[in-house]
file data-v4.txt (compact mmCIF, C-alpha atoms)
# COMPACT_ATOMS: atom_id res chain seq x y z
CA MET A 1 123.04 88.74 81.02
CA ARG A 2 121.71 91.91 82.58
CA ALA A 3 118.50 91.62 80.55
CA TRP A 4 118.01 88.12 81.91
CA PHE A 5 118.26 89.35 85.49
CA LEU A 6 115.81 92.17 84.77
CA ALA A 7 113.33 89.69 83.30
CA LEU A 8 113.69 87.48 86.36
CA GLY A 9 113.05 90.46 88.59
CA LEU A 10 109.71 91.03 86.89
CA LEU A 11 108.63 87.43 87.35
CA VAL A 12 109.46 87.00 91.01
CA PRO A 13 106.88 88.65 93.28
CA ALA A 14 108.28 91.56 95.23
CA LEU A 15 108.29 89.73 98.52
CA ALA A 16 111.73 90.54 99.82
CA VAL A 17 112.38 90.17 103.50
CA ASP A 18 115.49 91.39 105.25
CA GLU A 19 118.01 89.04 106.79
CA ALA A 20 117.43 90.26 110.32
CA ARG A 21 113.72 89.39 110.08
CA VAL A 22 114.50 85.88 108.79
CA ALA A 23 117.04 85.44 111.60
CA ALA A 24 114.40 86.47 114.17
CA ALA A 25 111.95 83.95 112.73
CA ILE A 26 114.57 81.22 112.98
CA GLN A 27 115.36 82.24 116.57
CA SER A 28 111.68 81.86 117.43
CA GLY A 29 112.05 78.15 116.62
CA GLY A 30 114.21 77.74 119.72
CA PRO A 31 117.95 77.62 120.44
CA ARG A 32 118.64 74.09 119.16
CA PHE A 33 116.90 74.76 115.86
CA ALA A 34 118.59 78.15 115.48
CA GLN A 35 122.00 76.66 116.20
CA ALA A 36 121.55 73.91 113.59
CA MET A 37 120.26 76.39 110.99
CA GLN A 38 123.54 78.33 110.98
CA GLN A 39 125.13 78.16 107.55
CA ASP A 40 128.65 78.23 106.19
CA GLU A 41 129.38 80.38 103.15
CA SER A 42 128.79 77.53 100.68
CA GLU A 43 125.45 76.53 102.21
CA ARG A 44 124.48 80.19 102.03
CA VAL A 45 125.18 80.56 98.31
CA CYS A 46 123.59 77.18 97.51
CA SER A 47 120.43 78.41 99.25
CA GLN A 48 120.59 81.69 97.37
CA TYR A 49 120.84 79.97 93.93
CA PRO A 50 118.68 76.84 94.13
CA GLU A 51 118.64 76.51 90.32
CA GLY A 52 122.44 76.36 90.19
CA LEU A 53 125.36 78.67 90.91
CA PRO A 54 125.98 81.50 88.43
CA ALA A 55 129.08 80.81 86.28
CA ASP A 56 131.07 83.61 87.90
CA ARG A 57 130.62 82.04 91.35
CA LEU A 58 131.78 78.54 90.43
CA SER A 59 135.56 78.73 90.63
CA ALA A 60 135.65 80.40 94.06
CA PHE A 61 133.09 77.89 95.33
CA VAL A 62 135.00 74.84 94.11
CA ALA A 63 138.34 76.21 95.33
CA ARG A 64 136.90 76.79 98.80
CA GLU A 65 135.37 73.31 98.96
CA ARG A 66 138.50 71.63 97.61
CA ALA A 67 140.57 73.30 100.33
CA ARG A 68 138.39 71.60 102.97
CA VAL A 69 139.27 68.06 101.92
CA VAL A 70 141.87 66.27 104.04
CA LEU A 71 143.20 63.13 102.38
CA PRO A 72 144.47 60.38 104.69
CA GLU A 73 147.32 58.07 103.72
CA ARG A 74 144.99 55.10 103.51
CA MET A 75 141.89 55.85 101.46
CA MET A 76 140.71 52.27 101.02
CA GLY A 77 139.71 50.50 104.25
CA ASP A 78 137.70 47.38 105.06
CA TRP A 79 134.74 46.62 102.78
CA ARG A 80 132.90 44.64 105.46
CA ARG A 81 132.91 47.61 107.83
CA GLY A 82 132.05 49.83 104.86
CA ARG A 83 128.97 47.73 104.22
CA GLU A 84 127.76 48.54 107.76
CA VAL A 85 128.37 52.25 107.21
CA PHE A 86 126.48 52.05 103.90
CA VAL A 87 123.34 50.50 105.40
CA THR A 88 123.20 52.21 108.81
CA PRO A 89 120.68 55.09 108.89
CA SER A 90 122.71 57.14 111.41
CA LYS A 91 125.87 56.71 109.30
CA GLY A 92 125.92 56.65 105.50
CA ASN A 93 122.24 55.74 105.02
CA CYS A 94 123.18 55.32 101.37
CA TYR A 95 120.10 53.27 100.42
CA ALA A 96 118.00 56.37 101.05
CA CYS A 97 119.17 57.63 97.65
CA HIS A 98 121.17 54.91 95.87
CA ALA A 99 120.70 51.33 94.69
CA GLY A 100 123.40 49.02 96.01
CA GLU A 101 123.46 45.26 96.36
CA PRO A 102 121.04 43.60 93.91
CA ALA A 103 119.39 41.69 96.79
CA GLU A 104 118.25 44.93 98.50
CA PRO A 105 114.96 46.14 96.93
CA ALA A 106 114.32 49.08 99.30
CA PHE A 107 116.48 51.77 97.73
CA GLY A 108 115.91 55.38 96.71
CA ASP A 109 116.57 56.75 93.25
CA VAL A 110 117.60 60.33 93.97
CA GLY A 111 121.25 59.48 93.23
CA PRO A 112 122.72 57.15 90.58
CA PRO A 113 122.79 53.38 91.24
CA LEU A 114 126.03 52.17 92.81
CA THR A 115 125.63 48.51 91.87
CA ASN A 116 128.89 47.33 90.27
CA TYR A 117 130.58 50.66 91.01
CA GLY A 118 133.74 48.51 91.29
CA LEU A 119 133.85 47.99 87.51
CA ARG A 120 135.93 51.16 87.56
CA GLY A 121 138.86 49.17 89.01
CA THR A 122 140.95 49.96 92.08
CA GLY A 123 143.56 52.29 90.59
CA GLU A 124 144.92 55.19 92.61
CA ALA A 125 142.90 57.78 90.69
CA ILE A 126 139.49 56.12 91.22
CA VAL A 127 140.24 55.43 94.89
CA ARG A 128 141.08 59.07 95.43
CA TYR A 129 138.10 60.28 93.38
CA THR A 130 135.72 58.07 95.36
CA TYR A 131 137.15 59.16 98.71
CA GLU A 132 136.83 62.84 97.73
CA LYS A 133 133.32 62.30 96.36
CA ILE A 134 132.08 61.03 99.73
CA TYR A 135 134.18 63.44 101.81
CA ASN A 136 132.95 66.43 99.81
CA PRO A 137 130.55 65.92 96.86
CA TRP A 138 130.38 69.68 96.33
CA ILE A 139 133.80 69.68 94.62
CA THR A 140 132.49 67.79 91.59
CA VAL A 141 128.82 68.87 91.78
CA PRO A 142 128.48 72.23 93.57
CA CYS A 143 125.38 72.29 95.81
CA SER A 144 124.61 68.62 95.11
CA THR A 145 121.85 67.15 97.29
CA MET A 146 124.42 64.66 98.62
CA PRO A 147 125.71 65.63 102.09
CA ARG A 148 129.36 66.58 102.61
CA TYR A 149 129.99 63.57 104.83
CA GLY A 150 133.64 64.36 105.64
CA VAL A 151 133.45 68.15 105.78
CA ASN A 152 130.51 67.97 108.20
CA ALA A 153 132.06 65.11 110.21
CA ARG A 154 128.94 63.05 109.57
CA LEU A 155 131.42 60.21 108.89
CA THR A 156 134.99 59.78 110.16
CA PRO A 157 137.91 59.46 107.68
CA GLU A 158 138.09 55.74 108.57
CA GLU A 159 134.39 55.24 107.83
CA ILE A 160 134.80 56.97 104.47
CA ALA A 161 137.80 54.76 103.63
CA ASP A 162 135.69 51.71 104.55
CA LEU A 163 132.94 52.91 102.20
CA VAL A 164 135.50 53.33 99.42
CA ALA A 165 136.56 49.71 99.97
CA TYR A 166 132.93 48.54 99.94
CA LEU A 167 132.34 50.33 96.63
CA LEU A 168 135.55 49.29 94.88
CA SER A 169 136.68 45.91 96.24
CA PRO A 170 136.09 43.03 93.82
CA GLU A 171 135.03 40.90 96.83
CA SER A 172 132.29 43.38 97.85
CA PRO A 173 128.72 42.09 97.35
CA ILE A 174 127.86 45.42 95.70
CA ASN A 175 130.07 44.29 92.76
CA PRO A 176 128.64 40.98 91.47
CA ALA A 177 129.71 41.79 87.91
CA VAL A 178 133.34 42.42 88.81
CA GLN A 179 135.48 39.56 87.65
CA GLY A 180 137.14 37.48 90.34
CA GLY A 181 134.88 38.80 93.10
CA GLY A 182 131.26 39.00 94.20
CA GLN A 183 129.51 36.63 96.52
CA MET B 1 100.11 41.62 109.98
CA ILE B 2 98.28 44.69 108.66
CA ARG B 3 101.46 46.69 108.73
CA TRP B 4 103.35 43.93 106.96
CA LEU B 5 100.75 43.81 104.21
CA LEU B 6 100.99 47.54 103.84
CA PHE B 7 104.73 47.44 103.43
CA LEU B 8 104.36 44.67 100.88
CA GLY B 9 101.77 46.73 99.05
CA LEU B 10 104.04 49.74 99.19
CA PHE B 11 106.86 47.75 97.66
CA LEU B 12 104.67 46.38 94.87
CA SER B 13 103.35 49.83 94.07
CA VAL B 14 106.88 51.17 93.81
CA ALA B 15 107.67 48.34 91.44
CA PHE B 16 104.77 49.48 89.25
CA ALA B 17 105.61 53.18 89.73
CA LEU B 18 102.31 54.84 90.64
CA SER B 19 102.18 58.63 90.90
CA PRO B 20 102.45 59.92 94.50
CA ALA B 21 98.75 60.81 94.61
CA GLU B 22 97.63 57.44 93.22
CA GLU B 23 100.00 55.74 95.62
CA ALA B 24 98.47 57.56 98.61
CA LYS B 25 94.96 56.57 97.52
CA ARG B 26 96.02 52.99 97.01
CA GLN B 27 97.63 52.78 100.47
CA ARG B 28 94.49 54.15 102.07
CA ARG B 29 92.23 51.71 100.21
CA LEU B 30 94.44 48.80 101.22
CA PHE B 31 94.42 49.88 104.86
CA LEU B 32 90.66 50.34 104.97
CA GLU B 33 90.15 46.88 103.47
CA GLN B 34 92.39 45.38 106.14
CA SER B 35 90.97 47.29 109.09
CA GLY B 36 87.30 46.67 108.39
CA GLY B 37 86.65 50.11 106.91
CA VAL B 38 87.69 52.21 109.91
CA HIS B 39 89.95 55.16 109.16
CA PRO B 40 91.92 55.62 112.42
CA GLY B 41 92.01 59.37 111.79
CA GLU B 42 88.24 59.47 112.37
CA LEU B 43 88.80 58.36 115.98
CA PHE B 44 91.00 61.39 116.59
CA VAL B 45 88.43 63.60 114.86
CA ALA B 46 85.74 62.25 117.23
CA LEU B 47 87.94 63.06 120.23
CA GLY B 48 88.41 66.55 118.84
CA GLU B 49 84.69 67.06 118.41
CA GLU B 50 84.07 66.07 122.02
CA LEU B 51 86.72 68.47 123.23
CA TYR B 52 85.55 71.29 120.96
CA GLN B 53 82.10 71.06 122.52
CA SER B 54 83.22 70.69 126.14
CA LEU B 55 86.04 73.19 126.62
CA GLU B 56 85.08 76.40 128.37
CA GLY B 57 86.59 79.27 130.28
CA ASN B 58 85.93 82.97 130.98
CA GLY B 59 82.28 82.16 130.26
CA LYS B 60 83.26 81.39 126.68
CA THR B 61 83.40 78.20 124.60
CA MET B 62 85.23 77.32 121.44
CA ALA B 63 82.23 78.61 119.48
CA ASP B 64 83.64 82.04 120.37
CA CYS B 65 86.90 81.23 118.56
CA ASP B 66 87.36 82.89 115.16
CA PHE B 67 89.33 80.76 112.73
CA GLY B 68 89.05 83.40 110.03
CA LYS B 69 85.41 83.13 108.90
CA GLY B 70 83.86 84.58 112.05
CA PRO B 71 83.29 83.17 115.58
CA GLY B 72 82.11 79.57 115.53
CA VAL B 73 82.33 79.24 111.73
CA LEU B 74 84.41 76.20 110.90
CA GLU B 75 83.14 75.57 107.36
CA GLY B 76 86.00 76.30 104.96
CA ALA B 77 88.18 78.00 107.58
CA TYR B 78 91.12 75.62 107.38
CA ALA B 79 91.31 75.94 103.57
CA GLU B 80 92.37 79.59 104.05
CA LEU B 81 94.96 79.04 106.77
CA PRO B 82 97.55 80.27 107.59
CA ARG B 83 96.24 83.85 107.52
CA TYR B 84 96.62 87.17 109.33
CA PHE B 85 94.43 87.73 112.41
CA PRO B 86 93.85 91.32 113.59
CA ASP B 87 93.22 90.35 117.24
CA THR B 88 96.66 88.80 117.68
CA ASP B 89 98.22 91.00 114.97
CA ARG B 90 100.08 88.13 113.39
CA VAL B 91 99.84 85.31 110.88
CA GLU B 92 98.70 82.03 112.45
CA ASP B 93 98.37 78.46 111.24
CA LEU B 94 95.65 76.15 112.57
CA ASP B 95 97.70 74.79 115.50
CA THR B 96 98.77 78.27 116.57
CA ARG B 97 95.26 79.70 116.19
CA ILE B 98 93.75 76.96 118.38
CA LYS B 99 96.35 77.68 121.06
CA SER B 100 95.91 81.46 120.91
CA CYS B 101 92.11 81.22 121.11
CA LEU B 102 92.15 78.84 124.07
CA GLU B 103 94.59 81.20 125.82
CA ASN B 104 93.16 84.59 124.86
CA VAL B 105 89.43 83.91 124.60
CA LEU B 106 88.87 81.06 127.03
CA GLY B 107 91.72 82.09 129.36
CA LEU B 108 93.20 78.60 129.51
CA THR B 109 96.88 77.86 130.12
CA TYR B 110 98.93 75.77 127.71
CA GLY B 111 100.75 72.94 129.48
CA GLN B 112 98.24 73.02 132.30
CA ASP B 113 94.64 73.17 131.05
CA PHE B 114 95.49 71.77 127.63
CA GLY B 115 98.54 70.58 125.73
CA ARG B 116 99.83 69.31 122.43
CA GLU B 117 97.50 66.28 122.27
CA GLU B 118 94.44 68.47 122.70
CA VAL B 119 95.63 70.84 119.97
CA VAL B 120 96.17 67.90 117.59
CA VAL B 121 92.69 66.42 118.02
CA LEU B 122 91.05 69.86 117.83
CA ALA B 123 92.98 70.60 114.62
CA SER B 124 91.91 67.21 113.22
CA TYR B 125 88.27 68.02 113.94
CA ILE B 126 88.30 71.61 112.69
CA ALA B 127 90.12 70.62 109.50
CA THR B 128 87.36 68.17 108.50
CA PHE B 129 85.06 71.16 107.86
CA SER B 130 87.31 71.96 104.90
CA ASN B 131 87.69 68.43 103.58
CA GLU B 132 87.63 68.26 99.76
CA MET B 133 87.63 72.05 99.52
CA PRO B 134 90.26 73.83 97.42
CA ILE B 135 93.17 75.33 99.32
CA ASN B 136 92.80 79.09 99.11
CA VAL B 137 95.62 80.87 100.91
CA LYS B 138 95.98 84.59 100.22
CA LEU B 139 98.89 86.99 100.41
CA GLU B 140 97.07 90.25 101.08
CA HIS B 141 98.12 91.67 104.44
CA PRO B 142 101.77 92.88 104.60
CA LYS B 143 102.42 90.37 107.37
CA GLU B 144 101.14 87.56 105.16
CA LYS B 145 103.53 88.67 102.42
CA GLU B 146 106.38 88.90 104.89
CA MET B 147 105.64 85.45 106.35
CA PHE B 148 105.50 83.96 102.86
CA ALA B 149 108.92 85.45 102.07
CA ILE B 150 110.31 83.95 105.30
CA GLY B 151 108.80 80.59 104.36
CA GLU B 152 110.41 80.78 100.93
CA LYS B 153 113.81 81.49 102.53
CA LEU B 154 113.43 78.54 104.90
CA TRP B 155 112.29 76.25 102.09
CA PHE B 156 115.60 76.79 100.26
CA TRP B 157 117.76 77.08 103.44
CA ARG B 158 120.50 74.45 103.34
CA ALA B 159 121.97 73.66 106.73
CA GLY B 160 122.81 70.98 109.24
CA GLN B 161 125.09 67.99 109.16
CA MET B 162 123.46 66.83 105.91
CA ASP B 163 123.47 70.18 104.08
CA LEU B 164 119.83 69.68 103.15
CA SER B 165 116.85 71.95 102.62
CA CYS B 166 113.21 71.17 101.82
CA ALA B 167 113.84 72.17 98.20
CA ALA B 168 116.95 69.99 97.74
CA CYS B 169 114.63 66.96 97.66
CA HIS B 170 111.05 68.19 97.20
CA ASP B 171 111.76 70.61 94.32
CA ARG B 172 114.70 68.83 92.68
CA TYR B 173 113.41 65.25 92.80
CA PRO B 174 109.60 65.16 92.89
CA GLY B 175 108.35 61.80 91.63
CA ARG B 176 111.49 59.99 92.73
CA ARG B 177 111.76 58.33 96.13
CA ILE B 178 113.78 58.25 99.35
CA ARG B 179 114.12 54.54 100.03
CA LEU B 180 110.48 53.62 99.36
CA SER B 181 108.84 56.97 100.16
CA PRO B 182 107.68 58.96 97.14
CA ILE B 183 108.91 62.58 97.05
CA ARG B 184 106.30 65.23 96.28
CA ASN B 185 106.43 68.96 95.75
CA PRO B 186 103.71 71.23 97.20
CA GLU B 187 101.84 71.35 93.89
CA GLN B 188 101.68 67.53 93.89
CA GLY B 189 99.99 67.55 97.29
CA LEU B 190 102.90 67.50 99.74
CA SER B 191 100.86 69.33 102.39
CA ASP B 192 97.25 68.56 101.35
CA HIS B 193 96.54 65.62 103.67
CA TRP B 194 97.45 67.01 107.10
CA PRO B 195 96.20 66.59 109.79
CA GLY B 196 96.55 62.93 108.96
CA TYR B 197 96.94 59.53 110.48
CA THR B 198 100.42 58.03 110.03
CA PHE B 199 100.37 54.27 110.24
CA SER B 200 104.16 53.95 110.73
CA PHE B 201 103.86 55.85 114.01
CA ASP B 202 100.20 55.07 114.74
CA LYS B 203 99.71 58.74 115.50
CA MET B 204 97.75 61.73 114.31
CA TYR B 205 100.04 64.38 112.85
CA THR B 206 99.25 67.97 111.99
CA LEU B 207 101.35 69.73 109.36
CA GLU B 208 103.55 71.01 112.21
CA ASP B 209 104.28 67.45 113.37
CA ARG B 210 105.09 66.46 109.80
CA VAL B 211 107.48 69.39 109.30
CA ASN B 212 109.18 68.44 112.58
CA PHE B 213 109.66 64.89 111.37
CA CYS B 214 111.21 66.24 108.18
CA TYR B 215 113.69 68.47 110.04
CA ASP B 216 114.62 65.67 112.43
CA SER B 217 115.22 63.36 109.45
CA ILE B 218 117.79 65.77 108.04
CA GLN B 219 119.55 66.14 111.41
CA ILE B 220 118.22 69.61 112.20
CA PRO B 221 116.51 69.60 115.63
CA HIS B 222 112.95 70.65 114.79
CA PRO B 223 111.59 74.13 115.52
CA GLU B 224 109.32 74.43 118.54
CA PHE B 225 105.59 74.01 117.96
CA TYR B 226 103.69 77.23 117.11
CA SER B 227 106.92 79.07 116.22
CA GLU B 228 107.34 81.23 113.13
CA PRO B 229 109.25 78.64 111.06
CA HIS B 230 106.15 76.42 111.22
CA ILE B 231 103.76 79.20 110.28
CA ALA B 232 106.04 80.45 107.49
CA LEU B 233 106.57 77.01 105.92
CA ALA B 234 102.87 76.15 106.14
CA LEU B 235 101.98 79.43 104.41
CA TYR B 236 104.64 78.86 101.73
CA MET B 237 103.64 75.25 100.98
CA ARG B 238 99.91 75.93 101.06
CA TYR B 239 100.21 78.97 98.79
CA ARG B 240 102.00 76.85 96.22
CA ALA B 241 99.21 74.25 96.63
CA ASN B 242 96.36 76.73 96.08
CA GLY B 243 93.51 75.02 94.21
CA ASN B 244 94.43 71.54 95.43
CA LEU B 245 91.62 69.80 97.28
CA LEU B 246 92.22 69.14 100.98
CA ASP B 247 92.15 65.47 101.90
CA VAL B 248 91.62 65.38 105.68
CA PRO B 249 91.91 63.56 107.92
CA GLY B 250 94.72 62.26 105.75
CA PHE B 251 96.06 58.79 105.77
CA THR B 252 99.69 58.11 105.15
CA ARG B 253 102.75 56.08 105.82

call {"tool": "encode", "arguments": {"input": "data-v4.txt", "output": "structure tokens"}}
result
Amino acid sequence: MRAWFLALGLLVPALAVDEARVAAAIQSGGPRFAQAMQQDESERVCSQYPEGLPADRLSAFVARERARVVLPERMMGDWRRGREVFVTPSKGNCYACHAGEPAEPAFGDVGPPLTNYGLRGTGEAIVRYTYEKIYNPWITVPCSTMPRYGVNARLTPEEIADLVAYLLSPESPINPAVQGGGQ
Amino acid sequence: MIRWLLFLGLFLSVAFALSPAEEAKRQRRLFLEQSGGVHPGELFVALGEELYQSLEGNGKTMADCDFGKGPGVLEGAYAELPRYFPDTDRVEDLDTRIKSCLENVLGLTYGQDFGREEVVVLASYIATFSNEMPINVKLEHPKEKEMFAIGEKLWFWRAGQMDLSCAACHDRYPGRRIRLSPIRNPEQGLSDHWPGYTFSFDKMYTLEDRVNFCYDSIQIPHPEFYSEPHIALALYMRYRANGNLLDVPGFTR
């Protein structure tokens, strides 16, 4: 392990810069930029290890992120409202990275397709998993590119529950292959 | 109509999965066919040329500005920017260097004698003297090395309501796409075609404008023009792109 770090040290050019200098550079971008560039501990370590967290950092990271999830009583809301959240750029903006309804051709492919996500059923475990995944994706995939929608209050708990319904409901148009549903 | 055709073309090209560079070339060809062969970026370049030749102050003209190859030498200058300049004792990108020369050499006042629009057209004009030349950014002066290290930090800096950084998309997912936009890394030409004309906005963008758009897209209010985050990120991206041929004025979605 130590040898690996030494080898890495030889490869990376010696271009260290101290934190105060970086902070000053960020400040020079103006107060609104500097404010938004403030990081929490998890963002900080994700930035520090872009290739993935070292094994000995994982458990503390996941424990910290898990502690930030607040589960509401009702985790499955209204799929029609969820559909709006899914497509709206200032809300979920999910098509930026995921395929969804088969009729929508303008989707990104950074994340896995969500078409027929509802084949997983609507059991308690998958509802909870899906809610947590949107609220805080960093529990299951530390430092994932997917935003922590709930932790960062990008979406409200109700909006997340509506998304869960949109993804899981047999009636949702994202689930044409789910028996007894689709449109 | 032209825009609609372009979007259609963009969709078809995604369906047939062209590489980002091929896709950019294809979009440009399609646009030129539709617009009768006029690259809108050339209009901004012409405005820049006019301004470059007419601005004066303190008995000096822009021919007294040194963009790194000596006063008045534009040939190849942009290919080596950002770089350290002894007279200002700092690293400057093209936008910043235009502003500092107009202020320090010609004695003009930003926001009064000239503003952002003037800087953009001047940058568009000056950049054309490096078109199709290989990017050749050096890390020699200690301040260049320091600015590169700052740029590298910012590139990986995850923050904001969407927890994103440049690297979280551009290094992890090059070749994939955000909705219909292809994702590139610096080596694939992310920064090679700025200043460029953006047909979605019908505007000329320098690399600073493009970086601002990126930050705004990830819910981080963009850094102010000519500030160190811009200079640092430009130096970082361009260093990684060394050897790539500049394609300016660029043409892009």

call {"tool": "interface_residues", "arguments": {"input": "data-v4.txt", "of": "chain A", "to": "chain B", "cutoff": "6 Å", "atoms": "only C-alpha atoms", "output": "mmCIF file with C-alpha atoms, in the coordinates of the input"}}
result
data_model
loop_
_atom_site.group_PDB
_atom_site.id
_atom_site.type_symbol
_atom_site.label_atom_id
_atom_site.label_comp_id
_atom_site.auth_asym_id
_atom_site.auth_seq_id
_atom_site.Cartn_x
_atom_site.Cartn_y
_atom_site.Cartn_z
ATOM 1 C CA LEU A 15 108.290 89.730 98.520
ATOM 2 C CA VAL A 22 114.500 85.880 108.790
ATOM 3 C CA ALA A 25 111.950 83.950 112.730
ATOM 4 C CA SER A 28 111.680 81.860 117.430
ATOM 5 C CA GLY A 29 112.050 78.150 116.620
ATOM 6 C CA PHE A 33 116.900 74.760 115.860
ATOM 7 C CA ALA A 36 121.550 73.910 113.590
ATOM 8 C CA MET A 37 120.260 76.390 110.990
ATOM 9 C CA GLN A 39 125.130 78.160 107.550
ATOM 10 C CA GLU A 43 125.450 76.530 102.210
ATOM 11 C CA SER A 47 120.430 78.410 99.250
ATOM 12 C CA ALA A 96 118.000 56.370 101.050
ATOM 13 C CA CYS A 97 119.170 57.630 97.650
ATOM 14 C CA ALA A 106 114.320 49.080 99.300
ATOM 15 C CA PHE A 107 116.480 51.770 97.730
ATOM 16 C CA GLY A 108 115.910 55.380 96.710
ATOM 17 C CA ASP A 109 116.570 56.750 93.250
ATOM 18 C CA THR A 145 121.850 67.150 97.290
ATOM 19 C CA PRO A 147 125.710 65.630 102.090
ATOM 20 C CA ASN A 152 130.510 67.970 108.200
#

call {"tool": "atom_distance", "arguments": {"input": "data-v4.txt", "atom1": "CA of Leu119 in chain A", "atom2": "CA of Val178 in chain A"}}
result
5.7 Å

call {"tool": "residues_around", "arguments": {"input": "data-v4.txt", "residues": "Glu118 in chain B", "least_positions_apart": "5", "cutoff": "10 Å", "atoms": "all atoms listed in the file", "output": "VMD selection string"}}
result
chain B and resid 44 47 to 48 51 to 52 98 to 99 110 113 123 to 124

call {"tool": "write_last_selection", "arguments": {"input": "data-v4.txt", "atoms": "C-alpha atoms", "output": "tab-separated table (two decimals), keeping the file's coordinate frame"}}
result
chain	number	residue	atom	x	y	z
B	44	PHE	CA	91.00	61.39	116.59
B	47	LEU	CA	87.94	63.06	120.23
B	48	GLY	CA	88.41	66.55	118.84
B	51	LEU	CA	86.72	68.47	123.23
B	52	TYR	CA	85.55	71.29	120.96
B	98	ILE	CA	93.75	76.96	118.38
B	99	LYS	CA	96.35	77.68	121.06
B	110	TYR	CA	98.93	75.77	127.71
B	113	ASP	CA	94.64	73.17	131.05
B	123	ALA	CA	92.98	70.60	114.62
B	124	SER	CA	91.91	67.21	113.22

call {"tool": "axis_aligned_box", "arguments": {"input": "data-v4.txt", "around": "range 136-142 of chain A", "padding_each_side": "8 Å", "output": "AutoDock Vina command-line options"}}
result
--center_x 131.1 --center_y 69.1 --center_z 95.7 --size_x 21.3 --size_y 22.3 --size_z 24.2

call {"tool": "atom_distance", "arguments": {"input": "data-v4.txt", "atom1": "CA of Thr109 in chain B", "atom2": "CA of Ala46 in chain B"}}
result
23.1 Å

call {"tool": "closest_residue", "arguments": {"input": "data-v4.txt", "among": "A:Phe61, A:Tyr131, A:Tyr149, A:Tyr166", "to": "Val87 in chain A", "atoms": "all atoms listed in the file"}}
result
A:Tyr166

call {"tool": "atom_distance", "arguments": {"input": "data-v4.txt", "atom1": "CA of Pro102 in chain A", "atom2": "CA of Thr130 in chain A"}}
result
20.7 Å

call {"tool": "residues_around", "arguments": {"input": "data-v4.txt", "residues": "range 112-117 of chain A", "least_positions_apart": "2", "cutoff": "7 Å", "atoms": "only C-alpha atoms", "output": "number ranges by chain"}}
result
A: 98-101, 109-110, 119-120, 167-168, 174-178

call {"tool": "residues_around", "arguments": {"input": "data-v4.txt", "residues": "Gly243 in chain B", "least_positions_apart": "3", "cutoff": "12 Å", "atoms": "only C-alpha atoms", "output": "mmCIF file with C-alpha atoms, in the frame of the given file"}}
result
data_model
loop_
_atom_site.group_PDB
_atom_site.id
_atom_site.type_symbol
_atom_site.label_atom_id
_atom_site.label_comp_id
_atom_site.auth_asym_id
_atom_site.auth_seq_id
_atom_site.Cartn_x
_atom_site.Cartn_y
_atom_site.Cartn_z
ATOM 1 C CA ALA B 79 91.310 75.940 103.570
ATOM 2 C CA GLU B 80 92.370 79.590 104.050
ATOM 3 C CA GLU B 132 87.630 68.260 99.760
ATOM 4 C CA MET B 133 87.630 72.050 99.520
ATOM 5 C CA PRO B 134 90.260 73.830 97.420
ATOM 6 C CA ILE B 135 93.170 75.330 99.320
ATOM 7 C CA ASN B 136 92.800 79.090 99.110
ATOM 8 C CA VAL B 137 95.620 80.870 100.910
ATOM 9 C CA LYS B 138 95.980 84.590 100.220
ATOM 10 C CA PRO B 186 103.710 71.230 97.200
ATOM 11 C CA GLU B 187 101.840 71.350 93.890
ATOM 12 C CA GLN B 188 101.680 67.530 93.890
ATOM 13 C CA GLY B 189 99.990 67.550 97.290
ATOM 14 C CA ASP B 192 97.250 68.560 101.350
ATOM 15 C CA ARG B 238 99.910 75.930 101.060
ATOM 16 C CA TYR B 239 100.210 78.970 98.790
ATOM 17 C CA ARG B 240 102.000 76.850 96.220
ATOM 18 C CA LEU B 246 92.220 69.140 100.980
#

call {"tool": "closest_residue", "arguments": {"input": "data-v4.txt", "among": "A:Asp162, A:Thr122, A:Ala16, A:Arg21", "to": "Gly77 in chain A", "atoms": "only C-alpha atoms"}}
result
A:Asp162

call {"tool": "build_atoms", "arguments": {"input": "data-v4.txt", "residues": "range 42-49 of chain B", "atoms": "N, CA and C atoms", "output": "short mmCIF file (atom, residue, chain, number, x, y, z; two decimals), in the coordinates of the input"}}
result
data_model
loop_
_atom_site.label_atom_id
_atom_site.label_comp_id
_atom_site.auth_asym_id
_atom_site.auth_seq_id
_atom_site.Cartn_x
_atom_site.Cartn_y
_atom_site.Cartn_z
N GLU B 42 89.60 59.09 111.94
CA GLU B 42 88.24 59.47 112.37
C GLU B 42 88.09 59.37 113.90
N LEU B 43 88.86 58.47 114.51
CA LEU B 43 88.80 58.36 115.98
C LEU B 43 89.35 59.63 116.63
N PHE B 44 90.43 60.15 116.06
CA PHE B 44 91.00 61.39 116.59
C PHE B 44 90.05 62.57 116.33
N VAL B 45 89.40 62.55 115.17
CA VAL B 45 88.43 63.60 114.86
C VAL B 45 87.29 63.58 115.89
N ALA B 46 86.84 62.37 116.25
CA ALA B 46 85.74 62.25 117.23
C ALA B 46 86.18 62.79 118.59
N LEU B 47 87.42 62.50 118.98
CA LEU B 47 87.94 63.06 120.23
C LEU B 47 87.96 64.58 120.18
N GLY B 48 88.35 65.10 119.02
CA GLY B 48 88.41 66.55 118.84
C GLY B 48 87.04 67.19 118.95
N GLU B 49 86.05 66.52 118.37
CA GLU B 49 84.69 67.06 118.41
C GLU B 49 84.20 67.16 119.87
#
